[in-house]
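Below is upload-v8.cif, which holds mmCIF, C-alpha atoms.
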data_my_file
loop_
_atom_site.label_atom_id
_atom_site.label_comp_id
_atom_site.auth_asym_id
_atom_site.auth_seq_id
_atom_site.Cartn_x
_atom_site.Cartn_y
_atom_site.Cartn_z
CA MET A 1 23.84 149.51 66.11
CA LYS A 2 24.75 151.60 69.15
CA LYS A 3 21.16 151.34 70.42
CA ILE A 4 21.18 147.56 70.07
CA LEU A 5 24.46 147.32 71.97
CA LEU A 6 23.11 149.57 74.71
CA LEU A 7 20.15 147.22 75.02
CA ILE A 8 22.13 143.99 74.84
CA ILE A 9 24.93 144.84 77.31
CA PRO A 10 22.67 145.52 80.33
CA LEU A 11 20.67 142.39 79.50
CA PHE A 12 23.87 140.34 79.34
CA LEU A 13 25.12 141.80 82.63
CA LEU A 14 21.77 141.12 84.26
CA THR A 15 21.77 137.51 83.08
CA THR A 16 25.36 136.74 84.14
CA ASN A 17 24.78 138.46 87.46
CA ASN A 18 21.75 136.25 88.09
CA LEU A 19 23.65 133.13 87.13
CA ASN A 20 26.49 133.94 89.54
CA GLY A 21 24.19 135.05 92.27
CA GLN A 22 21.94 132.01 92.71
CA GLY A 23 20.91 131.97 96.33
CA LEU A 24 22.55 133.70 99.27
CA SER A 25 26.34 133.54 99.40
CA VAL A 26 28.05 132.35 102.60
CA LYS A 27 29.14 135.94 103.28
CA LYS A 28 25.65 137.38 102.78
CA PHE A 29 24.08 134.62 104.90
CA GLY A 30 26.58 135.37 107.67
CA ASN A 31 25.92 139.09 107.41
CA LYS A 32 22.18 138.50 107.80
CA LEU A 33 22.58 135.96 110.59
CA ILE A 34 24.77 138.23 112.70
CA LYS A 35 21.96 140.81 112.76
CA GLU A 36 19.70 138.41 114.66
CA ASP A 37 18.99 139.42 118.29
CA GLN A 38 20.86 136.59 119.97
CA ALA A 39 23.70 136.18 117.52
CA TYR A 40 27.37 136.29 118.37
CA GLY A 41 30.13 136.19 115.83
CA VAL A 42 33.86 136.29 115.49
CA ARG A 43 36.16 136.77 112.52
CA ILE A 44 39.68 135.53 112.97
CA PRO A 45 42.13 136.98 110.46
CA ASN A 46 45.17 135.20 109.09
CA TRP A 47 47.75 137.08 111.20
CA LEU A 48 45.94 136.10 114.40
CA ILE A 49 45.60 132.47 113.32
CA ASN A 50 49.32 132.39 112.50
CA ASN A 51 50.25 133.84 115.87
CA ALA A 52 47.87 131.52 117.69
CA GLY A 53 49.60 128.68 115.88
CA LYS A 54 52.99 129.88 117.11
CA TRP A 55 51.83 130.37 120.69
CA SER A 56 49.70 127.22 120.80
CA SER A 57 48.80 126.50 124.40
CA ILE A 58 51.26 124.75 126.64
CA ASP A 59 48.42 122.52 127.86
CA LEU A 60 48.28 120.76 124.50
CA GLU A 61 50.06 117.60 123.55
CA GLU A 62 53.09 118.10 121.28
CA GLN A 63 51.23 116.40 118.43
CA GLU A 64 48.27 118.78 118.78
CA LYS A 65 50.60 121.80 118.88
CA GLU A 66 52.25 120.66 115.69
CA MET A 67 48.88 120.16 114.04
CA ILE A 68 47.80 123.71 114.93
CA ARG A 69 51.14 125.17 113.81
CA GLU A 70 51.05 123.41 110.46
CA LEU A 71 47.39 124.12 109.74
CA SER A 72 47.53 127.76 110.84
CA LYS A 73 50.04 128.65 108.13
CA ASP A 74 47.52 127.96 105.39
CA ILE A 75 44.27 129.16 106.92
CA LYS A 76 43.42 132.60 105.56
CA LYS A 77 40.51 133.42 107.84
CA ILE A 78 37.81 131.89 109.98
CA ARG A 79 34.35 133.26 110.62
CA ILE A 80 32.18 131.76 113.33
CA ILE A 81 28.62 132.80 114.13
CA VAL A 82 26.34 131.28 116.71
CA ALA A 83 22.72 132.38 116.90
CA SER A 84 20.14 130.97 119.27
CA MET A 85 16.42 131.09 118.64
CA ALA A 86 16.82 133.10 115.46
CA SER A 87 13.83 134.36 113.48
CA ASP A 88 11.97 132.19 110.97
CA GLN A 89 13.66 134.16 108.20
CA VAL A 90 16.82 132.17 109.02
CA LYS A 91 15.30 128.98 107.61
CA GLU A 92 14.41 130.73 104.35
CA ASP A 93 17.88 132.22 104.18
CA TYR A 94 19.40 128.82 104.94
CA ASN A 95 17.52 127.27 102.01
CA SER A 96 18.71 130.09 99.79
CA LEU A 97 22.27 129.53 101.05
CA ARG A 98 21.97 125.83 100.20
CA THR A 99 21.00 126.75 96.62
CA HIS A 100 24.18 128.82 96.41
CA LEU A 101 26.31 126.10 98.00
CA LYS A 102 24.96 123.48 95.60
CA SER A 103 26.10 125.59 92.65
CA GLN A 104 29.53 126.55 94.01
CA TYR A 105 30.58 123.90 96.54
CA ASP A 106 30.67 120.11 96.90
CA ASN A 107 28.58 118.66 99.69
CA LEU A 108 30.75 116.30 101.74
CA ILE A 109 28.41 115.26 104.51
CA GLU A 110 24.78 115.90 105.31
CA ALA A 111 23.27 114.48 108.49
CA ARG A 112 20.17 115.00 110.56
CA SER A 113 19.20 113.56 113.88
CA GLU A 114 16.00 114.38 115.76
CA ASP A 115 15.97 118.17 115.62
CA SER A 116 19.43 119.05 114.32
CA LYS A 117 20.79 119.23 110.82
CA LEU A 118 24.47 119.24 109.99
CA ASP A 119 26.13 120.14 106.70
CA LEU A 120 29.74 120.13 105.57
CA TRP A 121 30.68 121.68 102.23
CA ILE A 122 33.97 122.18 100.45
CA LYS A 123 35.07 124.44 97.63
CA MET A 124 38.18 123.36 95.78
CA LYS A 125 40.17 124.75 92.90
CA ASN A 126 42.35 122.04 91.43
CA ASP A 127 44.29 120.68 94.41
CA GLU A 128 43.63 123.63 96.68
CA ILE A 129 40.92 123.77 99.34
CA LYS A 130 39.58 127.30 98.96
CA SER A 131 36.79 127.12 101.49
CA LEU A 132 35.22 124.83 104.06
CA PHE A 133 31.76 125.57 105.31
CA PHE A 134 30.18 123.79 108.26
CA SER A 135 26.76 124.49 109.71
CA VAL A 136 24.41 123.07 112.31
CA ILE A 137 20.82 124.25 112.40
CA ASP A 138 18.21 123.18 114.97
CA ASP A 139 14.44 123.12 114.66
CA ASP A 140 14.24 126.01 117.13
CA ASN A 141 16.27 128.09 114.62
CA SER A 142 19.50 127.92 116.58
CA VAL A 143 22.38 128.07 114.14
CA ALA A 144 26.12 127.48 114.35
CA PHE A 145 28.12 128.49 111.31
CA PHE A 146 31.82 128.03 110.53
CA ASP A 147 33.33 129.46 107.39
CA ILE A 148 37.00 128.70 106.86
CA LYS A 149 38.99 130.14 103.95
CA THR A 150 42.21 128.32 103.25
CA LYS A 151 45.03 127.86 100.80
CA LEU A 152 45.69 124.30 101.93
CA THR A 153 46.50 121.85 99.19
CA MET A 154 45.73 118.15 99.31
CA GLU A 155 49.41 117.52 98.70
CA LYS A 156 50.31 119.51 101.81
CA LEU A 157 47.58 117.92 103.94
CA LYS A 158 48.78 114.50 102.93
CA GLY A 159 52.34 115.40 103.79
CA MET A 160 51.53 116.63 107.28
CA ASN A 161 53.07 114.29 109.78
CA PHE A 162 50.22 114.44 112.26
CA PHE A 163 47.81 112.79 109.84
CA GLN A 164 50.02 109.75 109.63
CA GLU A 165 50.51 109.77 113.39
CA LEU A 166 46.78 110.07 114.04
CA GLU A 167 46.05 107.18 111.70
CA ALA A 168 48.64 105.08 113.45
CA LEU A 169 46.85 105.47 116.78
CA MET B 170 19.95 100.88 76.83
CA SER B 171 16.89 99.41 78.55
CA PHE B 172 19.20 97.77 81.12
CA THR B 173 20.74 101.18 81.94
CA LEU B 174 17.30 102.73 82.21
CA GLY B 175 16.26 99.91 84.56
CA LEU B 176 19.25 100.55 86.85
CA GLN B 177 18.54 104.26 86.83
CA ALA B 178 14.91 103.62 87.77
CA GLN B 179 15.99 101.48 90.72
CA ASN B 180 18.50 104.09 91.94
CA ASP B 181 15.71 106.61 91.65
CA ALA B 182 13.47 104.39 93.80
CA ILE B 183 16.05 104.40 96.62
CA SER B 184 16.68 108.13 96.22
CA LYS B 185 12.95 108.78 96.22
CA TYR B 186 12.46 106.72 99.39
CA PHE B 187 15.46 108.39 101.01
CA ASN B 188 14.28 111.88 100.05
CA GLN B 189 10.81 111.12 101.38
CA TYR B 190 12.20 110.77 104.92
CA ARG B 191 15.44 112.78 104.89
CA ASP B 192 13.77 115.73 106.66
CA ASP B 193 11.45 113.62 108.81
CA ASP B 194 12.09 114.12 112.56
CA ARG B 195 11.49 110.43 113.25
CA PHE B 196 14.56 109.48 111.21
CA THR B 197 18.27 109.88 111.62
CA MET B 198 19.75 110.58 108.22
CA VAL B 199 23.35 110.54 107.01
CA SER B 200 24.51 111.18 103.49
CA ILE B 201 28.20 111.04 102.58
CA ASN B 202 29.09 112.06 99.08
CA GLN B 203 31.71 110.98 96.58
CA LYS B 204 33.95 113.97 97.22
CA MET B 205 34.28 113.03 100.90
CA PHE B 206 35.41 109.51 100.01
CA GLU B 207 37.91 110.96 97.52
CA LEU B 208 39.30 113.21 100.27
CA ILE B 209 39.57 110.33 102.74
CA ALA B 210 41.32 108.24 100.08
CA ASN B 211 43.75 111.11 99.44
CA LEU B 212 44.57 111.54 103.10
CA THR B 213 44.95 107.87 103.87
CA GLU B 214 48.35 106.40 104.55
CA GLU B 215 50.30 105.18 101.56
CA ASP B 216 50.80 101.70 103.01
CA THR B 217 47.03 101.13 103.28
CA ASP B 218 45.72 98.17 101.32
CA ASP B 219 45.47 99.17 97.63
CA GLU B 220 42.00 97.68 97.24
CA VAL B 221 40.69 99.64 100.24
CA LEU B 222 42.17 102.85 98.78
CA GLU B 223 40.74 102.07 95.35
CA MET B 224 37.37 101.30 96.90
CA LEU B 225 37.36 104.57 98.85
CA SER B 226 38.16 106.60 95.76
CA GLU B 227 35.50 104.81 93.73
CA LEU B 228 32.66 105.01 96.24
CA LYS B 229 29.99 107.33 94.88
CA GLY B 230 27.92 107.72 98.00
CA LEU B 231 26.63 106.34 101.23
CA LYS B 232 23.12 106.96 102.47
CA ILE B 233 21.78 105.91 105.86
CA LEU B 234 18.23 106.19 107.20
CA MET B 235 17.40 104.99 110.70
CA THR B 236 14.36 105.13 112.92
CA GLU B 237 13.13 103.53 116.11
CA GLU B 238 9.50 104.51 115.50
CA SER B 239 7.25 101.89 113.85
CA PRO B 240 10.30 100.07 112.49
CA LYS B 241 8.40 97.10 111.12
CA SER B 242 6.01 99.19 109.06
CA PHE B 243 8.86 101.28 107.63
CA TYR B 244 10.75 98.09 106.79
CA ASN B 245 7.72 96.67 104.96
CA GLU B 246 7.19 99.96 103.16
CA ALA B 247 10.83 100.07 102.05
CA VAL B 248 10.69 96.49 100.76
CA ALA B 249 7.51 97.32 98.84
CA LYS B 250 8.69 100.61 97.37
CA ILE B 251 12.21 99.53 96.52
CA ASN B 252 11.84 96.60 94.19
CA THR B 253 14.19 94.22 96.02
CA LYS B 254 13.66 91.59 93.30
CA GLU B 255 16.01 93.66 91.16
CA TYR B 256 18.84 92.76 93.52
CA GLU B 257 20.65 89.58 94.21
CA GLU B 258 20.39 88.47 97.79
CA LEU B 259 23.86 88.25 99.21
CA MET B 260 22.89 87.22 102.71
CA THR B 261 19.88 87.23 105.01
CA VAL B 262 20.14 87.11 108.77
CA ARG B 263 16.86 86.37 110.48
CA ASP B 264 16.20 85.91 114.15
CA LYS B 265 13.15 86.39 116.36
CA ASP B 266 13.77 90.12 116.74
CA GLN B 267 14.91 91.28 113.33
CA ASN B 268 15.57 90.68 109.66
CA ILE B 269 18.78 91.82 108.00
CA GLN B 270 18.91 91.67 104.22
CA PHE B 271 22.09 92.27 102.25
CA LEU B 272 21.22 92.96 98.64
CA VAL B 273 23.67 93.59 95.82
CA LYS B 274 23.52 94.62 92.21
CA ASP B 275 25.88 94.07 89.26
CA GLN B 276 28.17 91.47 90.70
CA GLN B 277 31.49 91.04 88.97
CA LYS B 278 33.04 87.62 89.59
CA GLY B 279 31.34 87.55 92.99
CA LYS B 280 33.89 89.97 94.41
CA ILE B 281 32.89 93.44 93.27
CA VAL B 282 29.40 94.98 93.20
CA ASN B 283 28.17 98.35 92.03
CA GLU B 284 25.51 98.74 94.66
CA LEU B 285 24.96 97.35 98.11
CA LEU B 286 21.67 97.79 99.89
CA LEU B 287 21.23 96.80 103.51
CA LEU B 288 17.79 96.65 105.07
CA VAL B 289 17.32 96.00 108.76
CA GLY B 290 13.83 95.65 110.16
CA GLY B 291 12.94 94.54 113.63
CA GLU B 292 11.18 95.30 116.87
CA ASP B 293 13.63 98.04 117.80
CA GLU B 294 14.79 99.76 114.65
CA PHE B 295 14.59 100.12 110.92
CA VAL B 296 17.82 100.84 109.05
CA LEU B 297 18.40 101.42 105.35
CA ILE B 298 21.96 101.70 104.13
CA SER B 299 22.80 102.22 100.50
CA PHE B 300 26.36 102.11 99.19
CA GLU B 301 26.99 103.10 95.59
CA GLY B 302 30.19 102.74 93.62
CA LYS B 303 32.69 99.99 93.04
CA ILE B 304 32.46 97.91 96.19
CA TYR B 305 34.91 95.15 97.02
CA LEU B 306 32.86 92.85 99.22
CA ASN B 307 35.90 91.24 100.83
CA LYS B 308 37.22 94.66 101.86
CA LEU B 309 33.95 96.20 102.96
CA SER B 310 33.90 95.06 106.56
CA LYS B 311 37.48 96.33 107.00
CA LEU B 312 36.49 99.68 105.54
CA VAL B 313 33.39 99.88 107.72
CA LYS B 314 35.50 99.29 110.82
CA ASN B 315 37.82 102.11 109.71
CA LEU B 316 34.96 104.52 109.01
CA ASP B 317 33.44 103.90 112.47
CA ILE B 318 30.00 105.31 111.62
CA ASP B 319 27.01 104.45 113.81
CA GLY B 320 24.52 102.29 111.98
CA LEU B 321 27.08 100.46 109.86
CA GLU B 322 27.73 97.74 112.44
CA SER B 323 25.47 95.32 110.56
CA LEU B 324 27.88 95.37 107.63
CA GLU B 325 30.48 93.72 109.82
CA HIS B 326 28.39 90.53 109.33
CA LEU B 327 29.97 90.35 105.88
CA ASP B 328 33.15 89.24 107.57
CA LYS B 329 31.55 86.00 108.67
#

Same coordinates, now as structure tokens:
Amino acid sequence: MKKILLLIIPLFLLTTNNLNGQGLSVKKFGNKLIKEDQAYGVRIPNWLINNAGKWSSIDLEEQEKEMIRELSKDIKKIRIIVASMASDQVKEDYNSLRTHLKSQYDNLIEARSEDSKLDLWIKMKNDEIKSLFFSVIDDDNSVAFFDIKTKLTMEKLKGMNFFQELEAL
Amino acid sequence: MSFTLGLQAQNDAISKYFNQYRDDDRFTMVSINQKMFELIANLTEEDTDDEVLEMLSELKGLKILMTEESPKSFYNEAVAKINTKEYEELMTVRDKDQNIQFLVKDQQKGKIVNELLLLVGGEDEFVLISFEGKIYLNKLSKLVKNLDIDGLESLEHLDK
């Protein structure tokens, strides 16, 4: 019995691990992309986003300041990576990332024009937006990648005054 | 059962045609999915027309394909591959430069349709637009104006 259990448990772990790990995760894709020669990235943690929200530039309109202040409270972190003329591996990784996104996220918008492809994905848990992922990839393997982790709820978004004000314009 | 299978086959024909060119450099492609419409409906003002809100939340998808290369041949190919006889013709606009066909499926009392297919073929461009979901025809042009997406201008003809 012990032998059977010893055989079954690793098999079970292997299977569940494979199921969860279909394709490259956003984090792994980002970690690979940043290693490209001409890649630049920035991670903005929650405390910095909050402070940026509080200090929002005096050049902005009052409505824009309010938008930044309200949004910044519920954004946990932002990761941005821009890579120009990345290696061909990026396209393979991007396809692998899409496999992952298809299993974990909802695709909101997909668009392509001439040599650029744009994707917007969202991951929600009940009413809460857990993650927003936006990418643009060009035929020359230039990539822009935005990964935003949030705790924004639809209820809160709907209640934000600036949305109503923007719609009224 | 056979009716459902027939509808599915037709949707597959559009998807197949769309997928054939979605990665083709000659085409501009846009695909907006149900979740996006649900989000827009959620974030829209409460005093917005109820039918527009209902329509937004019940739209299942919008697909657009556009090209300026060999538009006539792509138009003819689309008409041949997508069996347009399965649709009811809502309106056709024809002038010396282009044809615009508005095709609908599953009309309910002439006001609501479950699928709207727009085909534009002319000297300058070929456009295929496919709306899926519960579509209120009388509210569509208003919605299109609100969405402000390039390529959807032809749908404003429905106002006339």

Evaluated on this file, the PyMOL selection byres ((chain A and resi 144) around 10) picks out some residues - which ones are they, written as a ChimeraX atom specification? /A:33,39-41,80-84,118,134-138,141-143,145-146

Could the residues of chain B that have an atom at most 8 Å from chain A be listed as JSON lines, each with its closest atom pair and the distance in Å to one decimal, counting all atoms listed in the file and ordered by chain and ascending residue number?
{"residue": "B:Arg191", "atom": "CA", "partner": "A:Arg112", "partner_atom": "CA", "distance": 7.7}
{"residue": "B:Asp192", "atom": "CA", "partner": "A:Arg112", "partner_atom": "CA", "distance": 7.5}
{"residue": "B:Asp194", "atom": "CA", "partner": "A:Glu114", "partner_atom": "CA", "distance": 5.1}
{"residue": "B:Arg195", "atom": "CA", "partner": "A:Glu114", "partner_atom": "CA", "distance": 6.5}
{"residue": "B:Phe196", "atom": "CA", "partner": "A:Ser113", "partner_atom": "CA", "distance": 6.7}
{"residue": "B:Thr197", "atom": "CA", "partner": "A:Ser113", "partner_atom": "CA", "distance": 4.4}
{"residue": "B:Met198", "atom": "CA", "partner": "A:Arg112", "partner_atom": "CA", "distance": 5.0}
{"residue": "B:Val199", "atom": "CA", "partner": "A:Ala111", "partner_atom": "CA", "distance": 4.2}
{"residue": "B:Ser200", "atom": "CA", "partner": "A:Glu110", "partner_atom": "CA", "distance": 5.1}
{"residue": "B:Ile201", "atom": "CA", "partner": "A:Ile109", "partner_atom": "CA", "distance": 4.6}
{"residue": "B:Asn202", "atom": "CA", "partner": "A:Leu108", "partner_atom": "CA", "distance": 5.3}
{"residue": "B:Gln203", "atom": "CA", "partner": "A:Leu108", "partner_atom": "CA", "distance": 7.5}
{"residue": "B:Lys204", "atom": "CA", "partner": "A:Leu108", "partner_atom": "CA", "distance": 6.0}
{"residue": "B:Met205", "atom": "CA", "partner": "A:Leu108", "partner_atom": "CA", "distance": 4.9}
{"residue": "B:Asn211", "atom": "CA", "partner": "A:Lys158", "partner_atom": "CA", "distance": 7.0}
{"residue": "B:Leu212", "atom": "CA", "partner": "A:Lys158", "partner_atom": "CA", "distance": 5.1}
{"residue": "B:Thr213", "atom": "CA", "partner": "A:Lys158", "partner_atom": "CA", "distance": 7.7}
{"residue": "B:Glu214", "atom": "CA", "partner": "A:Gln164", "partner_atom": "CA", "distance": 6.3}

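With CA of Met260 (chain B) on one side and CA of Leu272 (chain B) on the other, the separation reads 7.2 Å.
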
Specify as a VMD selection string each residue included when the PyMOL selection byres ((chain B and resi 276) around 12) is applied to this file. chain B and resid 256 to 259 272 to 275 277 to 285 302 to 306

Writer output for current selection, C-alpha atoms, as a PDB file, keeping the file's coordinate frame:
ATOM      1  CA  TYR B 256      18.840  92.760  93.520  1.00  0.00           C
ATOM      2  CA  GLU B 257      20.650  89.580  94.210  1.00  0.00           C
ATOM      3  CA  GLU B 258      20.390  88.470  97.790  1.00  0.00           C
ATOM      4  CA  LEU B 259      23.860  88.250  99.210  1.00  0.00           C
ATOM      5  CA  LEU B 272      21.220  92.960  98.640  1.00  0.00           C
ATOM      6  CA  VAL B 273      23.670  93.590  95.820  1.00  0.00           C
ATOM      7  CA  LYS B 274      23.520  94.620  92.210  1.00  0.00           C
ATOM      8  CA  ASP B 275      25.880  94.070  89.260  1.00  0.00           C
ATOM      9  CA  GLN B 277      31.490  91.040  88.970  1.00  0.00           C
ATOM     10  CA  LYS B 278      33.040  87.620  89.590  1.00  0.00           C
ATOM     11  CA  GLY B 279      31.340  87.550  92.990  1.00  0.00           C
ATOM     12  CA  LYS B 280      33.890  89.970  94.410  1.00  0.00           C
ATOM     13  CA  ILE B 281      32.890  93.440  93.270  1.00  0.00           C
ATOM     14  CA  VAL B 282      29.400  94.980  93.200  1.00  0.00           C
ATOM     15  CA  ASN B 283      28.170  98.350  92.030  1.00  0.00           C
ATOM     16  CA  GLU B 284      25.510  98.740  94.660  1.00  0.00           C
ATOM     17  CA  LEU B 285      24.960  97.350  98.110  1.00  0.00           C
ATOM     18  CA  GLY B 302      30.190 102.740  93.620  1.00  0.00           C
ATOM     19  CA  LYS B 303      32.690  99.990  93.040  1.00  0.00           C
ATOM     20  CA  ILE B 304      32.460  97.910  96.190  1.00  0.00           C
ATOM     21  CA  TYR B 305      34.910  95.150  97.020  1.00  0.00           C
ATOM     22  CA  LEU B 306      32.860  92.850  99.220  1.00  0.00           C
TER      23      LEU B 306
END

With the PyMOL selection byres ((chain A and resi 94) around 10) as the selection, what would be picked from this file? Answer as an NGL selection string, please. :A and (23-24 or 26 or 29 or 33 or 89-93 or 95-100 or 135 or 137 or 143)

Any chance you could export the current selection's C-alpha atoms as a compact mmCIF listing (two decimals), keeping the file's coordinate frame?
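Final output, saved to result-v9.txt:
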# COMPACT_ATOMS: atom_id res chain seq x y z
CA GLY A 23 20.91 131.97 96.33
CA LEU A 24 22.55 133.70 99.27
CA VAL A 26 28.05 132.35 102.60
CA PHE A 29 24.08 134.62 104.90
CA LEU A 33 22.58 135.96 110.59
CA GLN A 89 13.66 134.16 108.20
CA VAL A 90 16.82 132.17 109.02
CA LYS A 91 15.30 128.98 107.61
CA GLU A 92 14.41 130.73 104.35
CA ASP A 93 17.88 132.22 104.18
CA ASN A 95 17.52 127.27 102.01
CA SER A 96 18.71 130.09 99.79
CA LEU A 97 22.27 129.53 101.05
CA ARG A 98 21.97 125.83 100.20
CA THR A 99 21.00 126.75 96.62
CA HIS A 100 24.18 128.82 96.41
CA SER A 135 26.76 124.49 109.71
CA ILE A 137 20.82 124.25 112.40
CA VAL A 143 22.38 128.07 114.14

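The space separating CA of Pro240 (chain B) from CA of Asn268 (chain B) comes to 11.1 Å.
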
Which residues are close to Glu238 (chain B), i.e. within 10 Å by only C-alpha atoms, leaving aside same-chain residues fewer than 5 positions away? Reply as a list in words. Arg195, Phe196, Phe243, Glu292, Asp293, Glu294 and Phe295 of chain B

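The list of residues with at least one atom within 12 Å of Tyr244 (chain B), based on all atoms listed in the file and without residues fewer than 5 positions apart in the same chain, reads Tyr186, Leu234, Met235, Thr236, Glu237, Glu238, Ser239, Ala249, Lys250, Ile251, Thr253, Gln267, Asn268, Ile269, Gln270, Leu287, Leu288, Val289, Gly290, Gly291, Glu292, Asp293, Glu294, Phe295, Val296 and Leu297 of chain B.
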
Between CA of Met85 (chain A) and CA of Asp140 (chain A), what is the distance, to one decimal in Å? 5.7 Å

Output as AutoDock Vina command-line options the centre and edge lengths (Å, one decimal) of the box along x, y and z of the file that holds every listed atom of region 280-285 of chain B after adding 4 Å on each side.
--center_x 29.4 --center_y 94.4 --center_z 95.1 --size_x 16.9 --size_y 16.8 --size_z 14.1
